[in-house]
Amino acid sequence: MKPKVVLSAAGAALAGVAIRDLTQKKHSLQRNFPVVAHARYALEKIGPELRQYIVTSNDEERPFSRDQRSWIYASAKLQNNYTGFGTDNDIESGEYVIFKQHTFSDVVPPSAVHAGEDVWLPSPKILGGPRGRRDAFRPDSVVNISAMSFGSLSGNAVEALNAGAKLANCMHNTGEGGLSPHHRQGGDLMLQIGTAYFGCRDDEGRFDLDKLMKVVESAPVRAIEIKLSQGAKPGLGGMLPAAKITPEIAEIRGIPLGKDCASPSRHAEFSDVDSMLDFVEKIAQATGKPVGIKSAVGDLTFWQSLVEEMQSGSRGVDFVTIDGGEGGTGAAPLVFSDAVSLPFRVGFSRVYKTFAAAGMQDRVTFIGAGKLGLPDNALVAFALGADMVNVAREAMLALGCIQAQKCHTDHCPTGVATQNQWLQRGLDPTLKSVRVANYIRTLRRDLLKVSEACGVWHPAMLDADDVEIMDGNRTGTPLRHIYGYQPTWGGLSGRIRDDIIEAMAATAPQGGSAPPSGH
């Protein structure tokens, strides 16, 4: 085509756009500034991407900074994730975490780059042990994959996560959307039950214990988690838009096609702590599995009542998963994402202290969630009393997520959070499963190395005195003072501590020193 013809066609197209803009009344900006206004909308649309790569510094972007994303990407690809030339954090005026290394210790971390990646780093507690559950077990990994439902995530993404869980020898939480064929790639599962009872409900949407039993028996389900709320939208039910509901999703969840799928905000099977514990025991007795709850933290009345009801020992949850308000795999109204529920450190510490004040911290396994897939955040969680951490968005980043923040639109450009077949095809489950496993192994390696530098065998052995929050380069305050922990809180003690030391001493690689001179 001749250049003049091309220019004429382009000019005619622009003239058409200008006429349309001038005559329409819906957008005042276009009416006042025809054609040019579209450039503004285009820049606005790609604003998150521009800020990620051009505008912001390495530490400014949220939810995850460029430094954090780069560390995850490099870890997932087994590239060099070390950094040179010192920290670029603002240590003069910012607030940041410091872990206090020990000069002399019986525990010596090895220096090799990949040392520790294949070390068995299990939970310090037996999940379901204190309550004598038939299928109680010690989880093999302190890092596990958090709840992300099929439907919210693509089938390829779920397959990659589960296959990655198998490679990394960790657990994969199904999310409340039910146990799909994509979850059946060999990885151990934690089955989540949400307020809509997807996958274990009858035709009327009511909870069906027989269906639950069949699901549990059909897959490597190791534990069951009853979801009360999550950090992204605490106190509010979930929403899966009709555009993301395929026939496969509808069949797995037991929902109709062509309609938005809204999860209720509350459970129908219980309405207070007393009836909730009855429900927990009903499921535990029927399945033999450890049963726990997941919740964001707001009003503490619930947790105080839970501790009171559990004190007799006749009923109780086997674990509690605390989700911070900064958690965010689920789409939510902005005000819920920004301003409802406590951030992880505040919420978790309040719940932990409620159990510890009653002397019950050893009777449950504490699991943390909410941006804990970064080593420093996870180590603070362990120092506050967590036994394990769950990772969600960080696992999505390992899959290839670029933080485009289009999860709720079905237009995820990397095929992670979409049901669009064309976009999904860009995500190769076989390749990405390896990257998920690499990331989890690397995270465990860093948790182990910092713990050993601080003189302990396992990250759960860190306590609230091993960590300080710095106020620039002026003062530092130990976690114990900030969160009001008593001297015995946060770390491990007694038989639990002895058992994990014995396990780690037998398996963890040790560094050393040059040979002594002999003089």
# chains A, B, ... in the order shown; residues from 1 in each chain; ligands from 1

call {"tool": "residues_around", "arguments": {"residues": "Ala284 of chain A", "least_positions_apart": "4", "cutoff": "9 Å", "atoms": "only C-alpha atoms", "output": "PyMOL selection string"}}
result
chain A and resi 133-134+224+279-280+288-291

call {"tool": "residues_around", "arguments": {"residues": "Asn390 of chain A", "least_positions_apart": "3", "cutoff": "8 Å", "atoms": "only C-alpha atoms", "output": "PDB file with all heavy atoms, in the first residue's frame"}}
result
ATOM      1  N   VAL A 143       7.090 -24.070  55.124  1.00  0.00           N
ATOM      2  CA  VAL A 143       6.526 -23.188  54.093  1.00  0.00           C
ATOM      3  C   VAL A 143       5.570 -24.009  53.243  1.00  0.00           C
ATOM      4  O   VAL A 143       5.941 -25.058  52.705  1.00  0.00           O
ATOM      5  CB  VAL A 143       7.622 -22.590  53.186  1.00  0.00           C
ATOM      6  CG1 VAL A 143       6.993 -21.710  52.107  1.00  0.00           C
ATOM      7  CG2 VAL A 143       8.635 -21.800  54.005  1.00  0.00           C
ATOM      8  N   ASN A 144       4.327 -23.555  53.132  1.00  0.00           N
ATOM      9  CA  ASN A 144       3.322 -24.264  52.342  1.00  0.00           C
ATOM     10  C   ASN A 144       2.569 -23.272  51.459  1.00  0.00           C
ATOM     11  O   ASN A 144       2.628 -22.059  51.677  1.00  0.00           O
ATOM     12  CB  ASN A 144       2.371 -25.016  53.267  1.00  0.00           C
ATOM     13  CG  ASN A 144       3.091 -26.087  54.073  1.00  0.00           C
ATOM     14  OD1 ASN A 144       3.465 -27.133  53.554  1.00  0.00           O
ATOM     15  ND2 ASN A 144       3.307 -25.817  55.368  1.00  0.00           N
ATOM     16  N   ILE A 145       1.858 -23.796  50.459  1.00  0.00           N
ATOM     17  CA  ILE A 145       1.162 -22.941  49.496  1.00  0.00           C
ATOM     18  C   ILE A 145      -0.229 -22.624  50.024  1.00  0.00           C
ATOM     19  O   ILE A 145      -1.000 -23.522  50.366  1.00  0.00           O
ATOM     20  CB  ILE A 145       1.089 -23.619  48.122  1.00  0.00           C
ATOM     21  CG1 ILE A 145       2.505 -23.843  47.580  1.00  0.00           C
ATOM     22  CG2 ILE A 145       0.282 -22.762  47.142  1.00  0.00           C
ATOM     23  CD1 ILE A 145       2.556 -24.672  46.317  1.00  0.00           C
ATOM     24  N   SER A 146      -0.551 -21.357  50.081  1.00  0.00           N
ATOM     25  CA  SER A 146      -1.779 -20.875  50.699  1.00  0.00           C
ATOM     26  C   SER A 146      -2.989 -21.100  49.798  1.00  0.00           C
ATOM     27  O   SER A 146      -2.884 -21.525  48.649  1.00  0.00           O
ATOM     28  CB  SER A 146      -1.640 -19.389  51.036  1.00  0.00           C
ATOM     29  OG  SER A 146      -2.660 -18.972  51.916  1.00  0.00           O
ATOM     30  N   ILE A 367      -0.272 -21.055  62.198  1.00  0.00           N
ATOM     31  CA  ILE A 367       0.143 -20.848  60.817  1.00  0.00           C
ATOM     32  C   ILE A 367      -0.086 -19.382  60.462  1.00  0.00           C
ATOM     33  O   ILE A 367      -1.155 -18.836  60.733  1.00  0.00           O
ATOM     34  CB  ILE A 367      -0.652 -21.745  59.851  1.00  0.00           C
ATOM     35  CG1 ILE A 367      -0.523 -23.224  60.261  1.00  0.00           C
ATOM     36  CG2 ILE A 367      -0.169 -21.560  58.416  1.00  0.00           C
ATOM     37  CD1 ILE A 367      -1.400 -24.159  59.457  1.00  0.00           C
ATOM     38  N   GLY A 368       0.921 -18.756  59.880  1.00  0.00           N
ATOM     39  CA  GLY A 368       0.808 -17.352  59.498  1.00  0.00           C
ATOM     40  C   GLY A 368       0.632 -17.191  58.004  1.00  0.00           C
ATOM     41  O   GLY A 368       1.123 -17.995  57.212  1.00  0.00           O
ATOM     42  N   ALA A 369      -0.088 -16.147  57.607  1.00  0.00           N
ATOM     43  CA  ALA A 369      -0.283 -15.838  56.186  1.00  0.00           C
ATOM     44  C   ALA A 369      -0.460 -14.330  56.031  1.00  0.00           C
ATOM     45  O   ALA A 369      -0.938 -13.659  56.939  1.00  0.00           O
ATOM     46  CB  ALA A 369      -1.509 -16.578  55.633  1.00  0.00           C
ATOM     47  N   GLY A 370      -0.079 -13.827  54.870  1.00  0.00           N
ATOM     48  CA  GLY A 370      -0.210 -12.396  54.610  1.00  0.00           C
ATOM     49  C   GLY A 370       1.144 -11.775  54.320  1.00  0.00           C
ATOM     50  O   GLY A 370       1.764 -11.190  55.201  1.00  0.00           O
ATOM     51  N   LEU A 372       3.987 -13.286  53.777  1.00  0.00           N
ATOM     52  CA  LEU A 372       5.043 -13.953  54.545  1.00  0.00           C
ATOM     53  C   LEU A 372       5.942 -14.816  53.666  1.00  0.00           C
ATOM     54  O   LEU A 372       6.737 -15.606  54.181  1.00  0.00           O
ATOM     55  CB  LEU A 372       4.422 -14.811  55.655  1.00  0.00           C
ATOM     56  CG  LEU A 372       3.554 -14.066  56.669  1.00  0.00           C
ATOM     57  CD1 LEU A 372       3.108 -15.004  57.780  1.00  0.00           C
ATOM     58  CD2 LEU A 372       4.276 -12.857  57.252  1.00  0.00           C
ATOM     59  N   GLY A 373       5.850 -14.671  52.345  1.00  0.00           N
ATOM     60  CA  GLY A 373       6.711 -15.412  51.442  1.00  0.00           C
ATOM     61  C   GLY A 373       8.036 -14.729  51.195  1.00  0.00           C
ATOM     62  O   GLY A 373       8.780 -15.106  50.291  1.00  0.00           O
TER      63      GLY A 373
END

call {"tool": "residues_around", "arguments": {"residues": "Gln101 of chain A", "least_positions_apart": "3", "cutoff": "10 Å", "atoms": "only C-alpha atoms", "output": "number ranges by chain"}}
result
A: 98, 104-105, 450-456, 466-467

call {"tool": "residues_around", "arguments": {"residues": "Arg20 of chain A", "least_positions_apart": "3", "cutoff": "10 Å", "atoms": "only C-alpha atoms", "output": "list of chain:residue names"}}
result
A:Leu14, A:Ala15, A:Gly16, A:Val17, A:Thr23, A:Gln24, A:Lys25, A:Gln30, A:Arg31, A:Pro34, A:Val35

call {"tool": "write_last_selection", "arguments": {"atoms": "all heavy atoms", "output": "short mmCIF file (atom, residue, chain, number, x, y, z; two decimals), in the first residue's frame"}}
result
data_model
loop_
_atom_site.label_atom_id
_atom_site.label_comp_id
_atom_site.auth_asym_id
_atom_site.auth_seq_id
_atom_site.Cartn_x
_atom_site.Cartn_y
_atom_site.Cartn_z
N LEU A 14 -8.59 9.08 12.32
CA LEU A 14 -8.49 10.08 13.38
C LEU A 14 -9.64 11.07 13.32
O LEU A 14 -10.19 11.50 14.35
CB LEU A 14 -7.15 10.82 13.29
CG LEU A 14 -5.91 10.02 13.70
CD1 LEU A 14 -4.64 10.83 13.42
CD2 LEU A 14 -5.98 9.65 15.19
N ALA A 15 -10.01 11.46 12.09
CA ALA A 15 -11.13 12.39 11.93
C ALA A 15 -12.42 11.76 12.46
O ALA A 15 -13.24 12.42 13.11
CB ALA A 15 -11.28 12.78 10.46
N GLY A 16 -12.58 10.46 12.18
CA GLY A 16 -13.76 9.76 12.68
C GLY A 16 -13.80 9.73 14.19
O GLY A 16 -14.85 9.94 14.80
N VAL A 17 -12.63 9.47 14.80
CA VAL A 17 -12.55 9.45 16.27
C VAL A 17 -12.87 10.84 16.82
O VAL A 17 -13.61 10.99 17.81
CB VAL A 17 -11.15 8.99 16.73
CG1 VAL A 17 -11.02 9.17 18.25
CG2 VAL A 17 -10.92 7.54 16.35
N THR A 23 -19.08 14.72 19.52
CA THR A 23 -20.55 14.60 19.55
C THR A 23 -21.08 13.77 20.71
O THR A 23 -22.24 13.87 21.07
CB THR A 23 -21.04 14.00 18.23
OG1 THR A 23 -20.40 12.74 18.00
CG2 THR A 23 -20.75 14.94 17.06
N GLN A 24 -20.22 12.92 21.31
CA GLN A 24 -20.70 12.10 22.44
C GLN A 24 -20.74 12.96 23.71
O GLN A 24 -20.07 13.98 23.82
CB GLN A 24 -19.82 10.88 22.62
CG GLN A 24 -18.35 11.17 22.92
CD GLN A 24 -18.07 11.44 24.38
OE1 GLN A 24 -18.64 10.82 25.28
NE2 GLN A 24 -17.20 12.41 24.65
N LYS A 25 -21.50 12.54 24.68
CA LYS A 25 -21.66 13.31 25.92
C LYS A 25 -21.28 12.52 27.18
O LYS A 25 -21.39 13.02 28.29
CB LYS A 25 -23.11 13.79 26.05
CG LYS A 25 -23.54 14.73 24.93
CD LYS A 25 -24.97 15.18 25.12
CE LYS A 25 -25.40 16.12 23.98
NZ LYS A 25 -26.81 16.56 24.15
N GLN A 30 -13.06 13.62 26.67
CA GLN A 30 -13.00 13.38 25.22
C GLN A 30 -13.74 14.47 24.45
O GLN A 30 -13.32 14.85 23.36
CB GLN A 30 -13.60 12.01 24.88
CG GLN A 30 -12.78 10.83 25.38
CD GLN A 30 -13.45 9.51 25.07
OE1 GLN A 30 -14.28 9.44 24.17
NE2 GLN A 30 -13.09 8.48 25.81
N ARG A 31 -14.82 14.96 25.01
CA ARG A 31 -15.60 16.01 24.33
C ARG A 31 -14.81 17.30 24.23
O ARG A 31 -14.87 18.01 23.22
CB ARG A 31 -16.90 16.24 25.11
CG ARG A 31 -17.93 17.12 24.39
CD ARG A 31 -19.22 17.13 25.21
NE ARG A 31 -20.21 18.04 24.67
CZ ARG A 31 -21.07 17.74 23.70
NH1 ARG A 31 -21.04 16.53 23.15
NH2 ARG A 31 -21.95 18.62 23.28
N PRO A 34 -10.73 16.07 22.01
CA PRO A 34 -10.91 14.89 21.15
C PRO A 34 -9.57 14.29 20.74
O PRO A 34 -8.57 15.00 20.58
CB PRO A 34 -11.67 15.45 19.95
CG PRO A 34 -11.40 16.91 19.95
CD PRO A 34 -11.26 17.30 21.39
N VAL A 35 -9.55 12.98 20.60
CA VAL A 35 -8.39 12.18 20.19
C VAL A 35 -7.31 12.17 21.28
O VAL A 35 -6.91 11.11 21.77
CB VAL A 35 -7.78 12.66 18.85
CG1 VAL A 35 -6.59 11.78 18.46
CG2 VAL A 35 -8.83 12.63 17.75
#

call {"tool": "closest_residue", "arguments": {"among": "A:Gly231, A:Gly292, A:Gly400, A:Gly258", "to": "Met190 of chain A", "atoms": "only C-alpha atoms"}}
result
A:Gly292

call {"tool": "atom_distance", "arguments": {"atom1": "atom CA of Ile252 of chain A", "atom2": "atom CA of Ala147 of chain A"}}
result
16.4 Å

call {"tool": "residues_around", "arguments": {"residues": "Arg184 of chain A", "least_positions_apart": "3", "cutoff": "10 Å", "atoms": "only C-alpha atoms", "output": "list of chain:residue names"}}
result
A:Val158, A:Glu159, A:Asn162, A:Ala163, A:Leu179, A:Ser180, A:Pro181, A:Gly187, A:Asp188, A:Leu189, A:Ser218, A:Ala219, A:Pro220

call {"tool": "residues_around", "arguments": {"residues": "segment 351-359 of chain A", "least_positions_apart": "4", "cutoff": "9 Å", "atoms": "only C-alpha atoms", "output": "list in words"}}
result
Val297, Leu300, Trp303, Gln304, Val307, Glu308, Gln311, Ile322, Val346, Gly347, Arg363, Val364, Phe366, Leu384, Gly385, Ala386, Gly484, Tyr485, Gln486, Trp489 and Gly490 of chain A

call {"tool": "atom_distance", "arguments": {"atom1": "atom CA of Tyr439 of chain A", "atom2": "atom CA of Ala76 of chain A"}}
result
4.3 Å

call {"tool": "select_by_dssp", "arguments": {"residues": "segment 445-505 of chain A", "states": "strand (DSSP E)", "output": "list in words"}}
result
Val467, Glu468, Ile469, Met470, Asp471, Thr475, Gly476, Thr477 and Pro478 of chain A

call {"tool": "residues_around", "arguments": {"residues": "segment 416-427 of chain A", "least_positions_apart": "6", "cutoff": "10 Å", "atoms": "only C-alpha atoms", "output": "number ranges by chain"}}
result
A: 148-158, 160, 243-246, 249, 329, 396-397, 399-402, 405-410

call {"tool": "atom_distance", "arguments": {"atom1": "atom CA of Gln510 of chain A", "atom2": "atom CA of Phe137 of chain A"}}
result
27.0 Å

call {"tool": "select_by_dssp", "arguments": {"residues": "segment 115-216 of chain A", "states": "alpha helix (DSSP H)", "output": "PyMOL selection string"}}
result
chain A and resi 155-168+209-216

call {"tool": "closest_residue", "arguments": {"among": "A:Leu209, A:Ile469, A:Val434, A:Cys261", "to": "Ile193 of chain A", "atoms": "only C-alpha atoms"}}
result
A:Leu209
